[in-house]
>>> print(open('coords-v8.csv').read())   # CSV, C-alpha atoms
chain,number,residue,atom,x,y,z
K,1,MET,CA,-28.2,12.7,-5.1
K,2,VAL,CA,-24.7,13.0,-6.5
K,3,LYS,CA,-22.7,9.9,-5.7
K,4,ARG,CA,-19.4,11.1,-4.3
K,5,THR,CA,-16.4,9.3,-3.0
K,6,VAL,CA,-16.0,10.8,0.4
K,7,SER,CA,-12.8,10.7,2.4
K,8,GLY,CA,-11.0,13.0,4.8
K,9,ALA,CA,-12.2,11.7,8.1
K,10,HIS,CA,-9.1,13.1,9.8
K,11,TYR,CA,-8.3,10.2,12.0
K,12,GLY,CA,-6.1,7.2,11.7
K,13,ILE,CA,-2.7,8.0,13.3
K,14,VAL,CA,-3.8,7.3,16.9
K,15,GLY,CA,-5.2,3.9,15.8
K,16,TRP,CA,-2.1,3.1,14.0
K,17,LEU,CA,0.0,4.0,17.0
K,18,VAL,CA,-2.2,2.1,19.4
K,19,GLN,CA,-1.8,-1.0,17.2
K,20,ARG,CA,2.0,-0.7,17.4
K,21,VAL,CA,2.2,0.0,21.1
K,22,SER,CA,-0.2,-2.8,22.0
K,23,ALA,CA,1.7,-5.2,19.8
K,24,ALA,CA,5.0,-4.3,21.5
K,25,PHE,CA,3.4,-4.6,25.0
K,26,MET,CA,1.9,-8.0,24.1
K,27,ALA,CA,5.1,-9.3,22.7
K,28,ALA,CA,7.0,-8.2,25.9
K,29,PHE,CA,4.3,-9.6,28.2
K,30,ILE,CA,4.2,-13.0,26.4
K,31,LEU,CA,8.0,-13.3,26.8
K,32,LEU,CA,7.8,-12.4,30.5
K,33,PHE,CA,4.9,-14.8,31.0
K,34,LEU,CA,6.9,-17.6,29.3
K,35,VAL,CA,9.8,-17.0,31.6
K,36,VAL,CA,7.5,-17.1,34.7
K,37,LEU,CA,5.9,-20.3,33.4
K,38,ILE,CA,9.3,-22.0,32.9
K,39,ALA,CA,10.6,-20.7,36.3
K,40,ARG,CA,7.5,-21.7,38.3
K,41,SER,CA,6.2,-24.6,36.1
K,42,PRO,CA,2.8,-24.6,37.7
K,43,SER,CA,1.2,-28.1,37.4
K,44,SER,CA,-1.8,-28.1,39.7
K,45,TYR,CA,-4.8,-25.8,40.1
K,46,ALA,CA,-3.4,-24.5,43.4
K,47,ASP,CA,-0.1,-23.5,41.6
K,48,TRP,CA,-2.0,-21.6,38.9
K,49,LYS,CA,-4.2,-20.0,41.6
K,50,MET,CA,-1.1,-18.9,43.5
K,51,LEU,CA,0.5,-17.5,40.3
K,52,MET,CA,-2.6,-15.6,39.3
K,53,SER,CA,-3.3,-14.2,42.7
K,54,GLN,CA,-0.3,-12.0,42.6
K,55,GLU,CA,-1.2,-8.4,41.9
K,56,TRP,CA,1.5,-7.7,39.3
K,57,MET,CA,0.4,-10.8,37.4
K,58,ARG,CA,-3.2,-9.8,37.3
K,59,ILE,CA,-2.5,-6.2,36.3
K,60,GLY,CA,-0.1,-7.4,33.6
K,61,MET,CA,-2.6,-9.9,32.3
K,62,GLN,CA,-5.4,-7.4,32.3
K,63,LEU,CA,-3.3,-4.9,30.4
K,64,PHE,CA,-2.4,-7.7,28.0
K,65,TYR,CA,-6.1,-8.4,27.4
K,66,PHE,CA,-7.0,-4.7,26.9
K,67,GLY,CA,-4.1,-4.4,24.5
K,68,LEU,CA,-5.3,-7.5,22.7
K,69,PHE,CA,-8.9,-6.2,22.3
K,70,LEU,CA,-7.7,-2.8,21.2
K,71,HIS,CA,-5.4,-4.4,18.7
K,72,ALA,CA,-8.1,-6.7,17.5
K,73,TRP,CA,-10.5,-3.8,17.0
K,74,ILE,CA,-8.1,-1.9,14.8
K,75,GLY,CA,-7.2,-5.0,12.9
K,76,MET,CA,-10.8,-6.0,12.3
K,77,ARG,CA,-11.7,-2.4,11.4
K,78,ASP,CA,-8.9,-2.5,8.8
K,79,ILE,CA,-10.1,-5.8,7.3
K,80,LEU,CA,-13.7,-4.5,7.1
K,81,MET,CA,-12.6,-1.3,5.5
K,82,ASP,CA,-10.5,-3.2,3.0
K,83,TYR,CA,-13.1,-5.7,1.9
K,84,VAL,CA,-16.6,-4.6,2.9
K,85,HIS,CA,-17.6,-1.7,0.8
K,86,PRO,CA,-21.4,-1.1,1.4
K,87,THR,CA,-21.4,1.4,4.3
K,88,GLY,CA,-24.5,-0.1,6.0
K,89,ILE,CA,-23.1,-3.6,6.2
K,90,ARG,CA,-19.7,-2.3,7.3
K,91,LEU,CA,-21.3,-0.4,10.1
K,92,VAL,CA,-23.3,-3.4,11.3
K,93,LEU,CA,-20.2,-5.6,11.2
K,94,GLN,CA,-18.1,-3.0,13.0
K,95,VAL,CA,-20.7,-2.6,15.8
K,96,ALA,CA,-20.8,-6.4,16.1
K,97,VAL,CA,-17.0,-6.5,16.5
K,98,ILE,CA,-17.1,-3.7,19.1
K,99,LEU,CA,-19.9,-5.4,21.1
K,100,SER,CA,-18.2,-8.8,21.1
K,101,LEU,CA,-14.8,-7.3,22.0
K,102,SER,CA,-16.5,-5.4,24.8
K,103,VAL,CA,-18.1,-8.6,26.1
K,104,TYR,CA,-14.7,-10.3,26.1
K,105,ALA,CA,-13.2,-7.3,27.9
K,106,ILE,CA,-15.8,-7.4,30.7
K,107,TRP,CA,-15.4,-11.2,30.8
K,108,SER,CA,-11.6,-10.9,31.2
K,109,VAL,CA,-12.1,-8.5,34.1
K,110,ARG,CA,-14.5,-10.9,35.8
K,111,ILE,CA,-12.1,-13.8,35.3
K,112,LEU,CA,-9.1,-12.0,36.6
K,113,TRP,CA,-10.6,-10.0,39.5
K,114,GLY,CA,-13.7,-12.1,40.4
K,115,ASN,CA,-13.6,-14.6,43.2
P,1,MET,CA,10.5,-17.3,-28.2
P,2,ARG,CA,7.0,-18.1,-27.0
P,3,PHE,CA,4.6,-15.6,-25.6
P,4,SER,CA,1.1,-15.7,-24.2
P,5,ILE,CA,-0.6,-12.3,-24.4
P,6,TYR,CA,-3.8,-11.0,-23.0
P,7,ARG,CA,-6.2,-9.8,-25.7
P,8,PHE,CA,-9.4,-7.9,-25.3
P,9,ASP,CA,-11.2,-5.6,-27.7
P,10,PRO,CA,-14.4,-4.4,-26.0
P,11,ASP,CA,-16.0,-3.7,-29.4
P,12,ALA,CA,-15.4,-7.2,-30.8
P,13,ASP,CA,-14.8,-9.6,-27.8
P,14,ALA,CA,-17.3,-10.7,-25.2
P,15,ASN,CA,-14.5,-11.8,-22.9
P,16,PRO,CA,-10.7,-11.4,-22.7
P,17,TYR,CA,-8.6,-14.3,-23.9
P,18,MET,CA,-4.9,-15.3,-24.0
P,19,LYS,CA,-3.3,-15.5,-27.5
P,20,ASP,CA,0.0,-17.3,-28.2
P,21,TYR,CA,2.7,-15.9,-30.3
P,22,ASP,CA,6.1,-17.2,-31.5
P,23,VAL,CA,8.8,-14.9,-32.5
P,24,GLU,CA,12.3,-15.3,-33.9
P,25,LEU,CA,14.6,-12.9,-32.1
P,26,GLU,CA,17.5,-11.3,-33.8
P,27,ALA,CA,20.9,-10.6,-32.3
P,28,GLY,CA,20.0,-7.0,-31.2
P,29,ASP,CA,16.8,-8.0,-29.4
P,30,LYS,CA,17.6,-7.9,-25.7
P,31,MET,CA,14.5,-6.4,-24.0
P,32,LEU,CA,10.9,-7.5,-23.8
P,33,LEU,CA,9.8,-4.4,-25.7
P,34,ASP,CA,12.0,-5.5,-28.7
P,35,ALA,CA,10.1,-8.8,-28.8
P,36,LEU,CA,6.7,-6.9,-28.5
P,37,ILE,CA,7.6,-4.7,-31.5
P,38,LEU,CA,8.3,-7.9,-33.5
P,39,ILE,CA,4.9,-9.3,-32.4
P,40,LYS,CA,3.2,-6.1,-33.3
P,41,ALA,CA,4.7,-6.4,-36.8
P,42,GLN,CA,3.3,-9.9,-37.0
P,43,ASP,CA,-0.1,-9.0,-35.7
P,44,ASP,CA,-0.9,-5.3,-35.9
P,45,SER,CA,-4.2,-5.6,-34.0
P,46,LEU,CA,-2.2,-5.9,-30.7
P,47,SER,CA,-2.4,-2.7,-28.7
P,48,LEU,CA,0.2,-1.5,-26.3
P,49,ARG,CA,1.7,1.7,-25.1
P,50,LYS,CA,5.4,2.6,-25.6
P,51,SER,CA,7.5,5.6,-26.1
P,52,CYS,CA,11.0,6.3,-24.9
P,53,ARG,CA,12.1,2.6,-24.8
P,54,GLU,CA,14.6,3.2,-22.1
P,55,GLY,CA,12.7,3.2,-18.8
P,56,VAL,CA,12.1,6.9,-18.5
P,57,CYS,CA,8.6,7.6,-19.8
P,58,GLY,CA,6.8,4.8,-17.9
P,59,SER,CA,4.4,4.0,-20.8
P,60,ASP,CA,5.0,0.3,-21.3
P,61,ALA,CA,4.2,-0.9,-17.8
P,62,MET,CA,2.6,-4.3,-17.8
P,63,ASN,CA,2.3,-7.5,-15.9
P,64,ILE,CA,5.1,-9.7,-17.0
P,65,ASN,CA,5.0,-13.4,-15.8
P,66,GLY,CA,2.9,-12.2,-12.8
P,67,ARG,CA,5.0,-9.2,-11.9
P,68,ASN,CA,4.6,-5.6,-12.9
P,69,GLY,CA,7.4,-4.0,-14.8
P,70,LEU,CA,8.5,-2.0,-17.8
P,71,ALA,CA,8.8,-4.0,-21.0
P,72,CYS,CA,11.6,-1.8,-22.3
P,73,ILE,CA,14.0,-2.5,-19.4
P,74,THR,CA,13.1,-6.1,-18.7
P,75,PRO,CA,15.7,-8.4,-20.2
P,76,LEU,CA,14.3,-11.3,-22.2
P,77,SER,CA,17.0,-13.6,-20.9
P,78,ALA,CA,15.6,-13.3,-17.4
P,79,LEU,CA,12.1,-14.5,-18.3
P,80,LYS,CA,10.7,-18.0,-18.3
P,81,GLU,CA,8.8,-19.2,-21.4
P,82,PRO,CA,6.0,-18.9,-22.3
P,83,ILE,CA,6.2,-15.3,-21.3
P,84,GLU,CA,2.8,-14.3,-20.0
P,85,LEU,CA,1.8,-10.7,-20.5
P,86,LEU,CA,-1.2,-9.1,-18.9
P,87,PRO,CA,-2.3,-5.5,-18.6
P,88,LEU,CA,-1.6,-3.8,-15.2
P,89,PRO,CA,-3.9,-5.3,-12.7
P,90,GLY,CA,-6.6,-3.2,-10.9
P,91,LEU,CA,-7.2,-0.7,-13.7
P,92,PRO,CA,-9.9,-0.9,-16.3
P,93,VAL,CA,-8.7,-2.3,-19.6
P,94,ILE,CA,-9.2,-0.1,-22.7
P,95,ARG,CA,-7.8,-2.7,-25.1
P,96,ASP,CA,-5.2,-5.5,-24.9
P,97,LEU,CA,-2.3,-4.2,-22.8
P,98,VAL,CA,-3.6,-0.7,-22.6
P,99,VAL,CA,-5.3,0.3,-19.4
P,100,ASP,CA,-7.2,3.4,-18.3
P,101,MET,CA,-4.7,5.2,-16.0
P,102,GLU,CA,-7.3,7.8,-14.8
P,103,PRO,CA,-8.0,6.2,-11.4
P,104,PHE,CA,-4.2,6.3,-10.8
P,105,PHE,CA,-3.7,9.9,-12.0
P,106,ARG,CA,-6.8,11.0,-10.1
P,107,GLN,CA,-5.1,9.9,-6.8
P,108,TYR,CA,-1.8,11.5,-8.0
P,109,ARG,CA,-3.5,14.8,-8.6
P,110,SER,CA,-5.3,14.6,-5.2
P,111,ILE,CA,-2.1,15.1,-3.3
P,112,ARG,CA,-1.4,18.4,-5.1
P,113,PRO,CA,1.8,17.4,-6.8
P,114,TYR,CA,3.4,20.8,-7.0
P,115,LEU,CA,5.2,23.2,-4.7
P,116,ILE,CA,3.0,25.4,-2.6
P,117,ASN,CA,4.8,28.5,-1.5
P,118,ASN,CA,3.1,31.8,-0.6
P,119,ASP,CA,6.3,33.9,-0.4
P,120,PRO,CA,6.8,36.3,-3.3
P,121,PRO,CA,8.9,34.7,-6.0
P,122,PRO,CA,12.5,35.7,-5.7
P,123,GLU,CA,14.5,37.3,-8.6
P,124,THR,CA,16.1,34.1,-9.7
P,125,GLU,CA,15.1,30.9,-7.9
P,126,ARG,CA,14.2,29.4,-4.5
P,127,LEU,CA,17.5,28.1,-3.3
P,128,GLN,CA,18.1,24.9,-1.4
P,129,SER,CA,21.2,23.7,0.4
P,130,PRO,CA,22.8,20.5,-0.9
P,131,GLU,CA,21.4,18.7,2.2
P,132,GLU,CA,17.9,20.0,1.5
P,133,ARG,CA,18.2,18.9,-2.1
P,134,ALA,CA,19.4,15.5,-1.0
P,135,GLU,CA,16.2,14.9,0.8
P,136,LEU,CA,14.5,14.6,-2.5
P,137,ASP,CA,16.7,11.8,-3.7
P,138,GLY,CA,14.8,8.5,-4.1
P,139,LEU,CA,11.6,10.5,-4.5
P,140,TYR,CA,11.9,12.8,-7.5
P,141,GLU,CA,12.9,9.9,-9.8
P,142,CYS,CA,9.4,8.4,-9.9
P,143,ILE,CA,8.2,8.2,-13.5
P,144,LEU,CA,4.5,7.5,-12.6
P,145,CYS,CA,4.4,4.2,-14.5
P,146,ALA,CA,1.9,2.8,-12.0
P,147,CYS,CA,3.7,-0.5,-11.5
P,148,CYS,CA,3.7,0.0,-7.7
P,149,THR,CA,0.2,1.2,-7.3
P,150,THR,CA,-1.3,-1.5,-9.4
P,151,ALA,CA,0.7,-4.2,-7.5
P,152,CYS,CA,-0.9,-3.0,-4.3
P,153,PRO,CA,-3.8,-5.0,-2.9
P,154,SER,CA,-5.0,-2.0,-0.9
P,155,PHE,CA,-5.3,-0.1,-4.1
P,156,TRP,CA,-7.1,-3.0,-5.8
P,157,TRP,CA,-9.8,-3.0,-3.1
P,158,ASN,CA,-10.1,0.8,-2.6
P,159,PRO,CA,-8.9,2.6,-5.8
P,160,ASP,CA,-11.3,5.4,-5.3
P,161,LYS,CA,-10.2,6.2,-1.7
P,162,PHE,CA,-6.6,5.0,-1.2
P,163,VAL,CA,-4.0,7.3,-2.6
P,164,GLY,CA,-1.7,4.3,-3.4
P,165,PRO,CA,2.1,4.0,-3.2
P,166,ALA,CA,3.0,6.3,-6.1
P,167,GLY,CA,0.8,9.1,-4.9
P,168,LEU,CA,2.0,8.8,-1.3
P,169,LEU,CA,5.7,8.7,-2.5
P,170,GLN,CA,5.0,12.0,-4.3
P,171,ALA,CA,3.1,13.4,-1.2
P,172,TRP,CA,6.3,12.8,0.8
P,173,ARG,CA,8.4,14.3,-2.0
P,174,PHE,CA,6.5,17.6,-1.5
P,175,ILE,CA,6.3,17.4,2.3
P,176,SER,CA,10.0,16.9,2.5
P,177,ASP,CA,10.8,19.7,0.1
P,178,SER,CA,12.3,22.7,2.0
P,179,ARG,CA,10.6,25.1,-0.4
P,180,ASP,CA,7.1,23.8,0.2
P,181,GLN,CA,5.1,25.6,2.9
P,182,ALA,CA,1.9,23.5,3.0
P,183,THR,CA,3.1,20.7,5.3
P,184,SER,CA,0.2,21.0,7.7
P,185,GLU,CA,-2.4,21.0,5.0
P,186,ARG,CA,-0.8,18.1,3.3
P,187,LEU,CA,-0.7,16.1,6.5
P,188,ASP,CA,-4.3,17.1,7.3
P,189,ASP,CA,-5.3,15.8,3.8
P,190,LEU,CA,-3.6,12.5,4.3
P,191,GLU,CA,-4.7,11.8,7.8
P,192,ASP,CA,-7.5,9.6,6.8
P,193,PRO,CA,-8.2,5.9,7.4
P,194,TYR,CA,-8.6,5.4,3.6
P,195,ARG,CA,-6.2,7.9,1.9
P,196,LEU,CA,-3.1,6.9,3.9
P,197,PHE,CA,-3.9,4.1,6.4
P,198,ARG,CA,-5.1,1.5,3.8
P,199,CYS,CA,-1.3,0.9,3.5
P,200,HIS,CA,-0.5,-2.2,5.5
P,201,SER,CA,3.2,-2.3,4.5
P,202,ILE,CA,2.7,-5.2,2.1
P,203,MET,CA,5.6,-3.8,0.2
P,204,ASN,CA,4.7,-5.1,-3.3
P,205,CYS,CA,5.4,-1.5,-4.3
P,206,VAL,CA,9.0,-1.8,-3.3
P,207,ASP,CA,9.3,-5.2,-4.9
P,208,VAL,CA,8.2,-4.1,-8.3
P,209,CYS,CA,9.4,-0.5,-8.7
P,210,PRO,CA,11.5,-0.4,-11.9
P,211,LYS,CA,13.3,2.7,-10.6
P,212,GLU,CA,14.1,0.9,-7.3
P,213,LEU,CA,12.3,3.5,-5.2
P,214,ASN,CA,10.8,2.8,-1.8
P,215,PRO,CA,7.2,4.0,-1.3
P,216,THR,CA,6.8,2.0,1.9
P,217,GLU,CA,9.7,4.0,3.5
P,218,ALA,CA,8.1,7.3,2.3
P,219,ILE,CA,4.8,6.3,3.8
P,220,GLY,CA,6.5,5.4,7.0
P,221,LYS,CA,8.1,8.9,7.1
P,222,ILE,CA,4.6,10.5,6.6
P,223,LYS,CA,3.3,8.4,9.5
P,224,ALA,CA,6.3,9.3,11.7
P,225,MET,CA,5.7,13.0,11.0
P,226,MET,CA,2.0,12.6,11.9
P,227,VAL,CA,3.1,10.9,15.2
P,228,ARG,CA,5.5,13.8,15.9
P,229,ARG,CA,2.6,16.2,15.3
P,230,LYS,CA,0.2,14.4,17.5
P,231,ILE,CA,2.1,13.6,20.6
>>> encode(input="coords-v8.csv", output="structure tokens")
Amino acid sequence: MVKRTVSGAHYGIVGWLVQRVSAAFMAAFILLFLVVLIARSPSSYADWKMLMSQEWMRIGMQLFYFGLFLHAWIGMRDILMDYVHPTGIRLVLQVAVILSLSVYAIWSVRILWGN
Amino acid sequence: MRFSIYRFDPDADANPYMKDYDVELEAGDKMLLDALILIKAQDDSLSLRKSCREGVCGSDAMNINGRNGLACITPLSALKEPIELLPLPGLPVIRDLVVDMEPFFRQYRSIRPYLINNDPPPETERLQSPEERAELDGLYECILCACCTTACPSFWWNPDKFVGPAGLLQAWRFISDSRDQATSERLDDLEDPYRLFRCHSIMNCVDVCPKELNPTEAIGKIKAMMVRRKI
């Protein structure tokens, strides 16, 4: 078989945009979270529980985590595309990243919305 | 002045090595290329490319004390001794300071570096307003010396797939040309995780460009146009 360099996958701009939007959201949320921490200065388990039981805090935190995982996926994909050239190994590693980030995502939902 | 120059002759040497040279400069010798011509007179086995000796042809691009640049417009007074000269990184070495530019030009050709216009040619020329012409400033000046592309880590890792800063600067030069009609096709061709999106805005290209052009800005404009097209 002819060994061709294939490119032209026709995607990339959405990932690039998601990376930027998620970064902006995470930066904004971290600042907001720091302000809340300084204002409330939770010291005990009960304080933390109170803080995290508020709906807006949970939603914000959940969006932060989803943003983080999407951001991490695009970043890891970029690193693998840069450095791991054999397609098979890259595929295996990409699937491993997707699986672990999915587990983290489910875990974050359970932590934030579980009892 | 003391020089340490990369030497490699694939017919004779098993491995590349660095060779030291000492040259006595004369009053008129201001640029690195002047010194290289003296070294070449001393040792005619040294291979290098040169032509216009004034920063227009882009032949004498090389790695000078760890930084890509053109020997002919690099003042000797600005260089620390021993001056270390290597061929451009990331391209196959043919001999000494001469590299095989084919991977670089293959990417350049891939962006179709010419006007695509399907209208019948006018009697005289395709006119542009002064504003439309001004869009090409900072783009058309590229001399294709490959200093930027071979300074780019993304090109080092994926030279077969990533277009590289010089090629992408030229891609934007034709996208932004009011006379070109192939904008959509050009964007389609570039919208690829390897061809365009291997650029991580490292900006080595901007740092080394001997013509002080800004490929990162051009790449940013291509991405901005893709976003406008998408959303």
>>> closest_residue(input="coords-v8.csv", among="P:Lys223, P:Asp20, P:Leu25, P:Ala146", to="P:Leu46", atoms="all atoms listed in the file")
P:Asp20
>>> interface_residues(input="coords-v8.csv", of="chain K", to="chain P", cutoff="10 Å", atoms="all atoms listed in the file", output="PyMOL selection string")
chain K and resi 4-17+77-79+81-85
>>> residues_near_point(input="coords-v8.csv", point="(1.8, 1.4, -22.6)", cutoff="8 Å", atoms="all atoms listed in the file", output="VMD selection string")
chain P and resid 48 to 51 58 to 62 97 to 99
>>> closest_residue(input="coords-v8.csv", among="P:Lys19, P:Arg2, P:Arg179, P:Lys30", to="P:Ile83", atoms="only C-alpha atoms")
P:Arg2
>>> residues_near_point(input="coords-v8.csv", point="(1.2, -10.9, 36.3)", cutoff="12 Å", atoms="all atoms listed in the file", output="ChimeraX atom specification")
/K:29-37,48-65,112
>>> closest_residue(input="coords-v8.csv", among="P:Asn118, P:Gln170, P:Ser201, P:Gln181", to="P:Leu139", atoms="all atoms listed in the file")
P:Gln170
>>> closest_residue(input="coords-v8.csv", among="P:Glu84, P:Glu185, P:Glu125, P:Asp137", to="P:Leu36", atoms="all atoms listed in the file")
P:Glu84
>>> closest_residue(input="coords-v8.csv", among="K:Tyr45, K:Trp113, K:Tyr104, K:Trp73", to="K:Val18", atoms="only C-alpha atoms")
K:Trp73
>>> atom_distance(input="coords-v8.csv", atom1="atom CA of K:Gly75", atom2="atom CA of K:Ala27")
16.3 Å
>>> atom_distance(input="coords-v8.csv", atom1="atom CA of K:Phe25", atom2="atom CA of K:Ala96")
25.8 Å
>>> closest_residue(input="coords-v8.csv", among="P:Arg67, P:Arg106, P:Arg112, P:Lys40", to="P:Ile175", atoms="all atoms listed in the file")
P:Arg112
>>> atom_distance(input="coords-v8.csv", atom1="atom CA of P:Leu85", atom2="atom CA of P:Cys72")
13.4 Å
